[in-house]
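One file, target-v2.txt, is given below (compact mmCIF, C-alpha atoms).
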# COMPACT_ATOMS: atom_id res chain seq x y z
CA MET D 66 162.60 145.74 80.05
CA ALA D 67 159.96 143.75 81.91
CA PRO D 68 159.99 140.01 81.12
CA ARG D 69 157.06 139.14 78.89
CA VAL D 70 154.58 136.50 80.11
CA TYR D 71 152.36 134.67 77.62
CA LEU D 72 148.91 134.30 79.22
CA ALA D 73 147.73 130.91 77.95
CA GLY D 74 144.31 129.54 78.83
CA PRO D 75 140.68 129.21 77.88
CA ASP D 76 140.20 132.85 78.96
CA VAL D 77 139.89 133.72 75.26
CA PHE D 78 136.51 131.93 75.25
CA LEU D 79 135.02 134.05 78.08
CA PRO D 80 132.16 136.46 77.32
CA ASP D 81 134.50 139.45 77.81
CA PRO D 82 138.02 138.15 77.20
CA MET D 83 139.52 141.62 76.97
CA ALA D 84 138.34 142.45 80.50
CA VAL D 85 140.15 139.39 81.86
CA ALA D 86 143.16 140.19 79.70
CA GLU D 87 143.28 143.67 81.19
CA ARG D 88 143.04 142.36 84.78
CA LYS D 89 145.77 139.81 84.13
CA LYS D 90 148.00 142.45 82.56
CA GLN D 91 147.51 144.78 85.52
CA LEU D 92 148.56 141.99 87.87
CA CYS D 93 151.57 141.25 85.65
CA ARG D 94 152.66 144.88 85.88
CA ALA D 95 152.30 144.80 89.66
CA TYR D 96 154.84 141.96 89.73
CA GLY D 97 157.24 143.51 87.23
CA PHE D 98 156.10 141.56 84.16
CA GLU D 99 154.45 142.48 80.90
CA GLY D 100 151.45 140.29 80.11
CA VAL D 101 150.88 139.11 76.53
CA PHE D 102 147.36 137.88 75.76
CA PRO D 103 146.57 135.51 72.85
CA LEU D 104 144.33 138.13 71.23
CA ASP D 105 146.99 140.84 71.34
CA ALA D 106 148.13 140.39 67.75
CA GLU D 107 146.34 142.94 65.62
CA LEU D 108 144.87 140.73 62.94
CA ASP D 109 142.50 141.84 60.23
CA LEU D 110 140.40 138.72 59.95
CA GLY D 111 137.42 140.39 58.32
CA ALA D 112 138.24 139.36 54.78
CA LEU D 113 139.22 135.78 55.62
CA GLU D 114 137.20 132.60 55.37
CA PRO D 115 136.71 130.91 58.78
CA GLN D 116 139.44 128.28 58.28
CA ALA D 117 141.97 130.88 57.14
CA ALA D 118 141.05 133.07 60.10
CA GLY D 119 141.66 130.17 62.52
CA LEU D 120 145.05 129.48 60.99
CA ALA D 121 146.01 133.17 61.10
CA ILE D 122 145.20 133.27 64.83
CA SER D 123 147.30 130.15 65.38
CA ARG D 124 150.28 131.65 63.58
CA ALA D 125 149.95 134.91 65.50
CA ASN D 126 149.82 133.08 68.84
CA GLU D 127 152.93 131.08 67.98
CA GLU D 128 154.76 134.34 67.25
CA LEU D 129 153.51 135.89 70.49
CA ILE D 130 154.88 132.95 72.49
CA ARG D 131 158.23 133.22 70.69
CA GLY D 132 158.41 136.82 71.90
CA CYS D 133 157.88 135.90 75.57
CA GLN D 134 160.26 134.89 78.35
CA LEU D 135 157.81 132.73 80.31
CA LEU D 136 154.28 131.35 80.14
CA ILE D 137 151.49 131.12 82.71
CA ALA D 138 148.77 128.70 81.66
CA GLN D 139 145.29 128.35 83.09
CA VAL D 140 144.78 124.57 83.25
CA THR D 141 141.36 124.60 84.94
CA PRO D 142 139.56 121.56 83.46
CA PHE D 143 137.77 122.56 80.28
CA ARG D 144 135.01 120.44 78.68
CA GLY D 145 136.35 117.23 80.18
CA PRO D 146 138.77 116.17 82.89
CA SER D 147 141.80 117.96 81.39
CA ALA D 148 142.98 121.44 80.50
CA ASP D 149 141.97 123.01 77.19
CA VAL D 150 143.97 121.41 74.35
CA GLY D 151 144.99 124.75 72.86
CA THR D 152 146.52 125.62 76.21
CA ALA D 153 148.25 122.22 76.41
CA PHE D 154 149.67 122.83 72.93
CA GLU D 155 151.02 126.22 73.99
CA MET D 156 152.61 124.73 77.10
CA GLY D 157 154.43 122.22 74.90
CA PHE D 158 155.46 124.97 72.52
CA ALA D 159 156.87 127.12 75.34
CA ARG D 160 158.57 124.16 76.99
CA ALA D 161 160.41 123.20 73.79
CA LEU D 162 161.59 126.82 73.50
CA GLY D 163 163.07 126.53 76.99
CA LEU D 164 160.69 128.96 78.69
CA PRO D 165 159.70 128.47 82.33
CA VAL D 166 156.13 127.12 82.28
CA TYR D 167 153.82 128.09 85.15
CA ALA D 168 150.28 126.80 85.46
CA TYR D 169 147.28 127.32 87.70
CA THR D 170 143.93 125.64 88.09
CA ASN D 171 140.82 126.75 89.94
CA VAL D 172 139.78 123.12 90.50
CA GLN D 173 141.89 121.32 93.05
CA SER D 174 140.89 117.64 92.63
CA ASP D 175 143.54 115.46 91.06
CA PHE D 176 143.44 114.21 87.49
CA THR D 177 142.65 110.59 88.31
CA THR D 178 139.67 111.56 90.44
CA ARG D 179 138.31 113.89 87.75
CA THR D 180 138.80 111.32 85.01
CA ARG D 181 137.03 108.61 87.04
CA GLU D 182 134.10 110.97 87.57
CA PHE D 183 134.04 111.90 83.90
CA VAL D 184 134.03 108.37 82.48
CA ARG D 185 131.62 107.22 85.23
CA THR D 186 132.30 103.48 84.90
CA THR D 187 135.77 102.05 85.42
CA ARG D 188 137.22 98.60 85.64
CA ALA D 189 140.48 97.19 87.00
CA ARG D 190 142.87 96.07 84.25
CA THR D 191 145.56 95.00 86.72
CA ASP D 192 146.26 95.73 90.38
CA GLN D 193 147.85 99.01 89.30
CA VAL D 194 145.81 100.07 86.29
CA ILE D 195 142.17 101.10 85.93
CA GLU D 196 140.55 101.63 82.55
CA ASP D 197 137.49 103.39 81.15
CA PRO D 198 134.62 101.74 79.20
CA ASP D 199 136.66 102.12 75.96
CA GLY D 200 139.41 100.01 77.56
CA MET D 201 141.71 103.05 77.75
CA ALA D 202 143.87 103.26 80.87
CA ILE D 203 143.34 106.12 83.30
CA GLU D 204 146.56 107.89 84.35
CA ASN D 205 147.13 107.35 88.02
CA PHE D 206 150.24 109.26 89.05
CA GLY D 207 148.64 111.58 91.61
CA LEU D 208 149.26 114.58 89.37
CA ALA D 209 147.06 117.60 88.63
CA ASP D 210 146.65 116.72 84.92
CA ASN D 211 148.29 114.66 82.16
CA LEU D 212 151.92 113.96 82.99
CA MET D 213 153.29 115.88 80.00
CA LEU D 214 151.68 119.10 81.25
CA VAL D 215 152.77 118.71 84.86
CA GLY D 216 156.20 117.47 83.77
CA ALA D 217 156.78 120.58 81.66
CA VAL D 218 156.07 122.77 84.67
CA GLU D 219 158.42 120.79 86.89
CA HIS D 220 161.28 120.35 84.43
CA SER D 221 161.21 123.98 83.34
CA GLY D 222 161.56 125.34 86.86
CA GLY D 223 158.01 126.69 86.93
CA ALA D 224 155.27 125.95 89.44
CA LEU D 225 151.71 124.68 89.40
CA VAL D 226 149.27 126.39 91.75
CA SER D 227 146.02 124.59 92.49
CA LEU D 228 143.16 126.24 94.42
CA ASP D 229 139.42 125.73 94.60
CA ALA D 230 137.65 128.83 93.33
CA PRO D 231 133.87 129.19 93.68
CA ASP D 232 132.09 127.66 90.71
CA SER D 233 130.94 131.11 89.55
CA SER D 234 134.57 132.15 89.04
CA ARG D 235 135.91 128.82 87.86
CA PHE D 236 137.48 130.33 84.73
CA THR D 237 137.88 133.91 85.98
CA GLY D 238 139.31 133.57 89.49
CA LEU D 239 142.83 135.03 89.64
CA VAL D 240 144.08 134.13 93.12
CA ALA D 241 146.05 131.15 91.82
CA PHE D 242 147.24 133.16 88.82
CA GLN D 243 148.57 135.81 91.18
CA GLN D 244 150.44 133.15 93.16
CA CYS D 245 152.12 132.07 89.92
CA LEU D 246 153.25 135.66 89.36
CA ARG D 247 154.58 135.85 92.90
CA LEU D 248 156.56 132.62 92.44
CA ALA D 249 157.82 133.68 89.01
CA LYS D 250 158.98 137.02 90.37
CA ARG D 251 161.02 135.24 93.03
CA GLU D 252 162.76 133.12 90.38
CA LEU D 253 163.54 135.75 87.76
CA MET T 1475 169.54 106.72 58.32
CA ALA T 1476 165.77 106.54 58.29
CA PRO T 1477 164.06 109.72 59.55
CA ARG T 1478 162.65 109.14 63.03
CA VAL T 1479 158.90 109.69 63.56
CA TYR T 1480 157.55 110.31 67.05
CA LEU T 1481 154.26 108.42 67.38
CA ALA T 1482 152.15 110.71 69.57
CA GLY T 1483 148.66 109.75 70.67
CA PRO T 1484 146.47 108.11 73.27
CA ASP T 1485 147.68 104.73 71.98
CA VAL T 1486 149.71 104.44 75.19
CA PHE T 1487 146.43 103.98 77.08
CA LEU T 1488 145.28 100.99 75.01
CA PRO T 1489 145.07 97.53 76.64
CA ASP T 1490 148.10 96.36 74.64
CA PRO T 1491 150.03 99.49 73.70
CA MET T 1492 153.11 97.55 72.62
CA ALA T 1493 151.11 95.66 70.00
CA VAL T 1494 149.95 98.94 68.45
CA ALA T 1495 153.47 100.33 68.76
CA GLU T 1496 154.80 97.35 66.85
CA ARG T 1497 152.18 97.69 64.08
CA LYS T 1498 152.89 101.39 63.75
CA LYS T 1499 156.65 100.77 63.63
CA GLN T 1500 156.22 98.14 60.93
CA LEU T 1501 154.23 100.61 58.84
CA CYS T 1502 156.90 103.26 59.45
CA ARG T 1503 159.58 100.89 58.15
CA ALA T 1504 157.49 100.15 55.07
CA TYR T 1505 157.57 103.87 54.24
CA GLY T 1506 161.25 104.37 55.03
CA PHE T 1507 160.84 105.79 58.53
CA GLU T 1508 161.81 104.65 61.99
CA GLY T 1509 158.92 104.85 64.45
CA VAL T 1510 159.57 106.06 68.00
CA PHE T 1511 156.88 105.20 70.55
CA PRO T 1512 156.39 107.15 73.80
CA LEU T 1513 157.12 104.04 75.85
CA ASP T 1514 160.41 103.31 74.06
CA ALA T 1515 162.62 104.87 76.71
CA GLU T 1516 163.86 102.16 79.00
CA LEU T 1517 162.91 103.55 82.36
CA ASP T 1518 163.23 101.75 85.66
CA LEU T 1519 160.18 103.14 87.40
CA GLY T 1520 159.88 100.37 89.97
CA ALA T 1521 161.54 102.24 92.79
CA LEU T 1522 159.77 105.54 92.16
CA GLU T 1523 156.73 107.02 93.84
CA PRO T 1524 153.84 107.57 91.40
CA GLN T 1525 154.43 111.31 90.95
CA ALA T 1526 158.14 110.83 90.33
CA ALA T 1527 157.36 108.04 87.86
CA GLY T 1528 154.97 110.35 85.93
CA LEU T 1529 157.60 113.07 85.76
CA ALA T 1530 160.28 110.60 84.62
CA ILE T 1531 158.02 109.47 81.75
CA SER T 1532 157.41 113.09 80.77
CA ARG T 1533 161.13 113.84 80.67
CA ALA T 1534 161.83 110.70 78.65
CA ASN T 1535 159.12 111.58 76.11
CA GLU T 1536 160.48 115.09 75.69
CA GLU T 1537 163.91 113.61 74.93
CA LEU T 1538 162.42 111.11 72.48
CA ILE T 1539 160.73 113.96 70.57
CA ARG T 1540 163.99 115.92 70.49
CA GLY T 1541 165.57 112.90 68.80
CA CYS T 1542 162.96 112.75 66.03
CA GLN T 1543 162.66 114.48 62.65
CA LEU T 1544 158.86 114.53 62.45
CA LEU T 1545 155.78 113.70 64.50
CA ILE T 1546 152.55 111.89 63.64
CA ALA T 1547 149.84 112.48 66.23
CA GLN T 1548 146.63 110.58 66.70
CA VAL T 1549 144.07 113.33 67.41
CA THR T 1550 140.97 111.12 67.57
CA PRO T 1551 138.74 112.80 70.19
CA PHE T 1552 139.61 111.49 73.64
CA ARG T 1553 137.31 111.91 76.67
CA GLY T 1554 135.70 115.01 75.27
CA PRO T 1555 135.44 116.82 71.93
CA SER T 1556 139.21 117.29 71.50
CA ALA T 1557 142.40 115.30 71.15
CA ASP T 1558 144.18 113.98 74.25
CA VAL T 1559 145.97 116.87 76.00
CA GLY T 1560 149.25 114.97 76.26
CA THR T 1561 149.18 114.59 72.50
CA ALA T 1562 148.34 118.28 72.06
CA PHE T 1563 151.29 119.14 74.29
CA GLU T 1564 153.61 117.00 72.19
CA MET T 1565 152.37 118.59 68.98
CA GLY T 1566 153.23 122.01 70.41
CA PHE T 1567 156.61 120.74 71.54
CA ALA T 1568 157.43 119.34 68.09
CA ARG T 1569 156.13 122.43 66.34
CA ALA T 1570 158.35 124.75 68.38
CA LEU T 1571 161.33 122.54 67.49
CA GLY T 1572 160.49 123.05 63.82
CA LEU T 1573 159.45 119.46 63.08
CA PRO T 1574 156.77 118.72 60.48
CA VAL T 1575 153.63 117.81 62.44
CA TYR T 1576 151.24 115.27 60.90
CA ALA T 1577 147.98 114.27 62.52
CA TYR T 1578 145.18 111.80 61.94
CA THR T 1579 141.79 111.22 63.45
CA ASN T 1580 139.44 108.27 63.17
CA VAL T 1581 136.42 110.53 63.76
CA GLN T 1582 135.62 112.78 60.85
CA SER T 1583 133.07 115.25 62.27
CA ASP T 1584 134.36 118.77 62.72
CA PHE T 1585 135.29 120.30 66.04
CA THR T 1586 132.34 122.65 66.30
CA THR T 1587 129.85 119.84 65.72
CA ARG T 1588 131.54 117.63 68.30
CA THR T 1589 131.71 120.42 70.86
CA ARG T 1590 128.04 121.28 70.38
CA GLU T 1591 127.13 117.64 70.94
CA PHE T 1592 129.35 117.43 73.99
CA VAL T 1593 128.05 120.53 75.79
CA ARG T 1594 124.46 119.66 74.76
CA THR T 1595 122.96 123.13 75.31
CA THR T 1596 124.26 126.15 73.43
CA ARG T 1597 123.17 129.73 73.11
CA ALA T 1598 123.94 132.48 70.61
CA ARG T 1599 126.23 135.17 72.02
CA THR T 1600 126.24 137.17 68.79
CA ASP T 1601 125.41 136.42 65.17
CA GLN T 1602 128.85 134.82 64.84
CA VAL T 1603 129.50 133.29 68.23
CA ILE T 1604 127.80 130.46 70.10
CA GLU T 1605 128.60 129.65 73.71
CA ASP T 1606 128.21 126.72 76.10
CA PRO T 1607 126.26 126.76 79.40
CA ASP T 1608 129.39 128.11 81.18
CA GLY T 1609 129.32 131.11 78.82
CA MET T 1610 132.49 129.92 77.08
CA ALA T 1611 132.57 130.46 73.31
CA ILE T 1612 132.67 127.46 71.00
CA GLU T 1613 135.34 127.68 68.29
CA ASN T 1614 133.66 127.85 64.92
CA PHE T 1615 136.36 127.88 62.25
CA GLY T 1616 135.37 124.70 60.43
CA LEU T 1617 138.55 122.96 61.59
CA ALA T 1618 139.10 119.40 62.80
CA ASP T 1619 140.10 120.48 66.33
CA ASN T 1620 141.35 123.51 68.27
CA LEU T 1621 143.02 125.99 65.93
CA MET T 1622 146.45 125.69 67.56
CA LEU T 1623 146.59 121.97 66.73
CA VAL T 1624 145.39 122.33 63.15
CA GLY T 1625 147.52 125.44 62.67
CA ALA T 1626 150.67 123.57 63.71
CA VAL T 1627 149.99 120.92 61.10
CA GLU T 1628 149.40 123.50 58.39
CA HIS T 1629 152.26 125.86 59.23
CA SER T 1630 154.78 123.05 59.61
CA GLY T 1631 154.11 121.58 56.19
CA GLY T 1632 152.44 118.47 57.60
CA ALA T 1633 148.98 117.14 56.85
CA LEU T 1634 145.88 116.17 58.78
CA VAL T 1635 144.08 113.03 57.63
CA SER T 1636 140.51 112.53 58.83
CA LEU T 1637 138.60 109.29 58.26
CA ASP T 1638 135.69 107.57 59.98
CA ALA T 1639 136.84 104.24 61.42
CA PRO T 1640 134.34 101.77 62.86
CA ASP T 1641 133.69 102.48 66.52
CA SER T 1642 135.42 99.22 67.52
CA SER T 1643 138.69 100.51 66.07
CA ARG T 1644 138.27 104.16 66.98
CA PHE T 1645 141.67 104.31 68.69
CA THR T 1646 143.37 101.45 66.86
CA GLY T 1647 142.47 101.96 63.19
CA LEU T 1648 145.59 102.73 61.15
CA VAL T 1649 144.28 103.61 57.68
CA ALA T 1650 144.54 107.35 58.35
CA PHE T 1651 147.92 106.86 60.06
CA GLN T 1652 149.18 105.09 56.96
CA GLN T 1653 148.02 107.98 54.79
CA CYS T 1654 150.07 110.32 56.97
CA LEU T 1655 153.11 108.13 56.32
CA ARG T 1656 152.45 108.17 52.58
CA LEU T 1657 152.18 111.97 52.57
CA ALA T 1658 155.26 112.37 54.78
CA LYS T 1659 157.29 110.10 52.53
CA ARG T 1660 156.40 112.27 49.54
CA GLU T 1661 157.63 115.40 51.35
CA LEU T 1662 160.88 114.14 52.85
Please, can you express the file's structure as structure tokens?
Amino acid sequence: MAPRVYLAGPDVFLPDPMAVAERKKQLCRAYGFEGVFPLDAELDLGALEPQAAGLAISRANEELIRGCQLLIAQVTPFRGPSADVGTAFEMGFARALGLPVYAYTNVQSDFTTRTREFVRTTRARTDQVIEDPDGMAIENFGLADNLMLVGAVEHSGGALVSLDAPDSSRFTGLVAFQQCLRLAKREL
Amino acid sequence: MAPRVYLAGPDVFLPDPMAVAERKKQLCRAYGFEGVFPLDAELDLGALEPQAAGLAISRANEELIRGCQLLIAQVTPFRGPSADVGTAFEMGFARALGLPVYAYTNVQSDFTTRTREFVRTTRARTDQVIEDPDGMAIENFGLADNLMLVGAVEHSGGALVSLDAPDSSRFTGLVAFQQCLRLAKREL
């Protein structure tokens, strides 16, 4: 049976998430994997209040991850300098389960650079540490995002692929995703 | 032995993280817990290059969480409408391990409101869905943050405490943290 890959990322927020899901699944098949998209659980949310619907989706996604053998996360910066928090959560979830965690981003600048741009004003706390206007330190390890996310990829034997996609395909470009599949295929 | 609580949050970025760590640990002791702070691992990072240092911290934090019986995360919005991604990652990690996940925020507005303010311009995609200028849907479930984070709290038997702290103690206020301890003590 083909290893199942959980397709984490903000793709679920796209105007046509099922179109992206289908493209990602086709690519998965081409590399010998079965893609599992967060919206794959067949949930009947119609009768639920909004909060209950949100919690039902969360529970379904947790179960989908538990049924997978690896995870590929889109960590393209989302509404701020970092990856989407739901995606970060799912990376942590997969990592604790022992799954290889792969990640890709369509924005190649490093995390420190993006955070400095985002907070606009910075100030030196020490020779080594810069902080934002709230006095909160800015991570400066030369990594692609927060160290927990990048660490999970490294420790789990996955890989992080970073490419600059055109702005029009910032959340839809799949070249880096495909490189993750290629690397995962070589490992498994 | 006192149950060990992993103290997740952006507190590590504060000007004096060890002072906050000490205050949180004192409160933990008062409720019968032992607090474990992300910086508690004694790491000798001096000889490491920045990237290697970041990865060593990540590995140490993962091990600290594995040694805990529950987690209390500060999910006060951090550089954007959501919690810090490192914190989100750790919530996912703890959730997959089966730990009760508690969370608190010192900003009480709901996630949809914060996201709308952050992206400034929104547009209706359908009657139910609003999207940002990138065409990405805005979660609208009436929850405190992304559904994976809130779901983890709910499914794990934890609790999310939301209070408005003064802006000057947005990341340092501990009233909501203390309520998490009180609720956790009642459960365990």
ask   = Taking into account only C-alpha atoms, which residue in the set T:Glu1496, T:Glu1564, T:Asp1606, T:Glu1591 is nearest to chain D?
value =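 Looking only at the distances to chain D, the closest residue turns out to be T:Glu1564.
Each of T:Arg1478, T:Arg1644, T:Lys1498, T:Arg1656 was compared to chain D using only C-alpha atoms, and T:Arg1644 turns out to be the nearest.
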Pairing the C-alpha atoms in order across the whole chain, superpose chain D onto chain T by least squares and write the result as a short mmCIF file (atom, residue, chain, number, x, y, z; two decimals) with C-alpha atoms, in the frame of the given file.
data_model
loop_
_atom_site.label_atom_id
_atom_site.label_comp_id
_atom_site.auth_asym_id
_atom_site.auth_seq_id
_atom_site.Cartn_x
_atom_site.Cartn_y
_atom_site.Cartn_z
CA MET D 66 169.55 106.73 58.32
CA ALA D 67 165.76 106.56 58.28
CA PRO D 68 164.05 109.73 59.55
CA ARG D 69 162.64 109.14 63.01
CA VAL D 70 158.90 109.69 63.56
CA TYR D 71 157.55 110.32 67.06
CA LEU D 72 154.25 108.42 67.38
CA ALA D 73 152.15 110.71 69.58
CA GLY D 74 148.65 109.75 70.67
CA PRO D 75 146.47 108.12 73.27
CA ASP D 76 147.68 104.73 71.98
CA VAL D 77 149.72 104.44 75.19
CA PHE D 78 146.43 103.99 77.10
CA LEU D 79 145.28 100.98 75.02
CA PRO D 80 145.07 97.53 76.65
CA ASP D 81 148.10 96.35 74.64
CA PRO D 82 150.03 99.49 73.70
CA MET D 83 153.11 97.56 72.63
CA ALA D 84 151.10 95.65 70.00
CA VAL D 85 149.95 98.94 68.45
CA ALA D 86 153.46 100.33 68.76
CA GLU D 87 154.80 97.34 66.86
CA ARG D 88 152.19 97.69 64.08
CA LYS D 89 152.90 101.40 63.75
CA LYS D 90 156.64 100.77 63.62
CA GLN D 91 156.22 98.13 60.92
CA LEU D 92 154.24 100.60 58.84
CA CYS D 93 156.91 103.26 59.44
CA ARG D 94 159.58 100.89 58.14
CA ALA D 95 157.49 100.15 55.06
CA TYR D 96 157.57 103.87 54.24
CA GLY D 97 161.26 104.37 55.02
CA PHE D 98 160.85 105.80 58.53
CA GLU D 99 161.81 104.64 61.98
CA GLY D 100 158.92 104.85 64.44
CA VAL D 101 159.57 106.06 68.00
CA PHE D 102 156.87 105.20 70.54
CA PRO D 103 156.39 107.14 73.81
CA LEU D 104 157.12 104.02 75.86
CA ASP D 105 160.39 103.30 74.06
CA ALA D 106 162.62 104.88 76.70
CA GLU D 107 163.86 102.15 78.98
CA LEU D 108 162.90 103.54 82.35
CA ASP D 109 163.21 101.74 85.65
CA LEU D 110 160.17 103.13 87.39
CA GLY D 111 159.87 100.36 89.95
CA ALA D 112 161.53 102.22 92.79
CA LEU D 113 159.78 105.54 92.17
CA GLU D 114 156.74 107.02 93.85
CA PRO D 115 153.83 107.57 91.41
CA GLN D 116 154.43 111.32 90.96
CA ALA D 117 158.15 110.82 90.33
CA ALA D 118 157.35 108.05 87.85
CA GLY D 119 154.98 110.36 85.93
CA LEU D 120 157.61 113.07 85.75
CA ALA D 121 160.28 110.61 84.61
CA ILE D 122 158.02 109.47 81.76
CA SER D 123 157.41 113.09 80.78
CA ARG D 124 161.13 113.85 80.68
CA ALA D 125 161.83 110.71 78.65
CA ASN D 126 159.12 111.59 76.12
CA GLU D 127 160.50 115.10 75.70
CA GLU D 128 163.92 113.60 74.94
CA LEU D 129 162.41 111.12 72.49
CA ILE D 130 160.73 113.96 70.58
CA ARG D 131 164.00 115.91 70.49
CA GLY D 132 165.57 112.90 68.79
CA CYS D 133 162.95 112.76 66.01
CA GLN D 134 162.66 114.48 62.64
CA LEU D 135 158.86 114.53 62.45
CA LEU D 136 155.78 113.69 64.50
CA ILE D 137 152.54 111.89 63.64
CA ALA D 138 149.84 112.49 66.23
CA GLN D 139 146.61 110.58 66.71
CA VAL D 140 144.06 113.33 67.42
CA THR D 141 140.97 111.11 67.58
CA PRO D 142 138.74 112.80 70.20
CA PHE D 143 139.61 111.49 73.65
CA ARG D 144 137.31 111.90 76.68
CA GLY D 145 135.70 115.02 75.26
CA PRO D 146 135.44 116.81 71.93
CA SER D 147 139.21 117.31 71.50
CA ALA D 148 142.39 115.29 71.15
CA ASP D 149 144.17 113.98 74.25
CA VAL D 150 145.97 116.86 76.01
CA GLY D 151 149.25 114.97 76.27
CA THR D 152 149.18 114.59 72.51
CA ALA D 153 148.34 118.29 72.06
CA PHE D 154 151.29 119.15 74.29
CA GLU D 155 153.61 117.00 72.19
CA MET D 156 152.37 118.60 68.98
CA GLY D 157 153.23 122.01 70.42
CA PHE D 158 156.61 120.75 71.55
CA ALA D 159 157.43 119.35 68.10
CA ARG D 160 156.12 122.44 66.33
CA ALA D 161 158.35 124.77 68.38
CA LEU D 162 161.32 122.54 67.49
CA GLY D 163 160.50 123.05 63.81
CA LEU D 164 159.45 119.47 63.09
CA PRO D 165 156.77 118.73 60.49
CA VAL D 166 153.62 117.82 62.45
CA TYR D 167 151.25 115.27 60.91
CA ALA D 168 147.98 114.27 62.53
CA TYR D 169 145.18 111.80 61.94
CA THR D 170 141.79 111.21 63.47
CA ASN D 171 139.43 108.26 63.17
CA VAL D 172 136.42 110.53 63.76
CA GLN D 173 135.62 112.77 60.84
CA SER D 174 133.07 115.25 62.27
CA ASP D 175 134.37 118.76 62.71
CA PHE D 176 135.30 120.29 66.05
CA THR D 177 132.34 122.65 66.29
CA THR D 178 129.86 119.84 65.71
CA ARG D 179 131.53 117.62 68.32
CA THR D 180 131.72 120.42 70.86
CA ARG D 181 128.03 121.29 70.38
CA GLU D 182 127.13 117.64 70.94
CA PHE D 183 129.36 117.44 74.00
CA VAL D 184 128.04 120.52 75.79
CA ARG D 185 124.46 119.66 74.75
CA THR D 186 122.96 123.12 75.31
CA THR D 187 124.25 126.16 73.43
CA ARG D 188 123.18 129.73 73.10
CA ALA D 189 123.94 132.50 70.60
CA ARG D 190 126.23 135.19 72.02
CA THR D 191 126.27 137.18 68.78
CA ASP D 192 125.41 136.39 65.16
CA GLN D 193 128.85 134.80 64.81
CA VAL D 194 129.50 133.28 68.22
CA ILE D 195 127.80 130.45 70.10
CA GLU D 196 128.61 129.65 73.71
CA ASP D 197 128.20 126.72 76.09
CA PRO D 198 126.26 126.76 79.41
CA ASP D 199 129.40 128.12 81.18
CA GLY D 200 129.30 131.12 78.82
CA MET D 201 132.48 129.92 77.08
CA ALA D 202 132.57 130.47 73.32
CA ILE D 203 132.67 127.46 71.01
CA GLU D 204 135.34 127.68 68.29
CA ASN D 205 133.67 127.85 64.93
CA PHE D 206 136.36 127.89 62.25
CA GLY D 207 135.37 124.69 60.43
CA LEU D 208 138.54 122.97 61.59
CA ALA D 209 139.11 119.40 62.80
CA ASP D 210 140.11 120.48 66.34
CA ASN D 211 141.37 123.52 68.28
CA LEU D 212 143.03 125.99 65.94
CA MET D 213 146.46 125.69 67.57
CA LEU D 214 146.59 121.97 66.74
CA VAL D 215 145.39 122.32 63.16
CA GLY D 216 147.52 125.44 62.67
CA ALA D 217 150.67 123.58 63.72
CA VAL D 218 150.00 120.92 61.10
CA GLU D 219 149.41 123.50 58.38
CA HIS D 220 152.26 125.86 59.22
CA SER D 221 154.78 123.05 59.61
CA GLY D 222 154.11 121.59 56.19
CA GLY D 223 152.44 118.48 57.60
CA ALA D 224 148.98 117.13 56.85
CA LEU D 225 145.88 116.16 58.78
CA VAL D 226 144.08 113.02 57.64
CA SER D 227 140.51 112.53 58.83
CA LEU D 228 138.59 109.27 58.26
CA ASP D 229 135.70 107.55 59.97
CA ALA D 230 136.85 104.25 61.41
CA PRO D 231 134.34 101.77 62.85
CA ASP D 232 133.69 102.48 66.51
CA SER D 233 135.41 99.22 67.51
CA SER D 234 138.69 100.51 66.06
CA ARG D 235 138.28 104.15 66.97
CA PHE D 236 141.68 104.31 68.69
CA THR D 237 143.37 101.44 66.85
CA GLY D 238 142.47 101.96 63.19
CA LEU D 239 145.60 102.73 61.15
CA VAL D 240 144.28 103.61 57.69
CA ALA D 241 144.55 107.34 58.35
CA PHE D 242 147.91 106.86 60.06
CA GLN D 243 149.18 105.09 56.96
CA GLN D 244 148.00 107.98 54.78
CA CYS D 245 150.07 110.32 56.96
CA LEU D 246 153.12 108.14 56.33
CA ARG D 247 152.45 108.17 52.60
CA LEU D 248 152.18 111.97 52.58
CA ALA D 249 155.26 112.37 54.77
CA LYS D 250 157.28 110.10 52.51
CA ARG D 251 156.39 112.27 49.52
CA GLU D 252 157.63 115.39 51.33
CA LEU D 253 160.88 114.12 52.80
#
query = Taking all atoms listed in the file into account, what are the residues of chain T at most 7 Å from chain D, put as number ranges by chain?
reply = T: 1487-1489, 1524-1525, 1528-1529, 1532-1533, 1553-1554, 1556, 1559-1560, 1562-1567, 1569-1571, 1609-1611, 1615-1617, 1620-1623, 1625
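For the point (158.2, 108.6, 67.1), the residues with at least one atom inside 8 Å, counting all atoms listed in the file, are Arg1478, Val1479, Tyr1480, Leu1481, Ala1482, Glu1508, Gly1509, Val1510, Phe1511, Pro1512, Leu1538, Ile1539, Cys1542, Leu1544, Leu1545 and Ile1546 of chain T.
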inquiry  = Show me the residues close to (144.3, 108.3, 52.1) - anything with an atom within 10 Å, counting only C-alpha atoms - and format the list as a list in words.
reply    =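 Within 10 Å of (144.3, 108.3, 52.1), the protein and nucleic acid residues are Val1635, Ser1636, Leu1637, Val1649, Ala1650, Phe1651, Gln1652, Gln1653, Cys1654, Leu1655, Arg1656 and Leu1657 of chain T.
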message = Would you compute the distance between atom CA of Pro68 of chain D and atom CA of Ser234 of chain D? Give it in Å to one decimal.
response = 27.8 Å
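Of the residues listed (T:Gly1632, T:Glu1516, T:Gln1582, T:Gln1543), T:Gln1543 shows the shortest atom-to-atom separation from Ala1476 of chain T; distances use only C-alpha atoms.
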query = Just how far from atom CA of Leu1662 of chain T is atom CA of Ala1633 of chain T, in Å to one decimal?
reply = 12.9 Å
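Here atom CA of Thr1579 of chain T stands at a distance of 22.8 Å from atom CA of Asp1514 of chain T.
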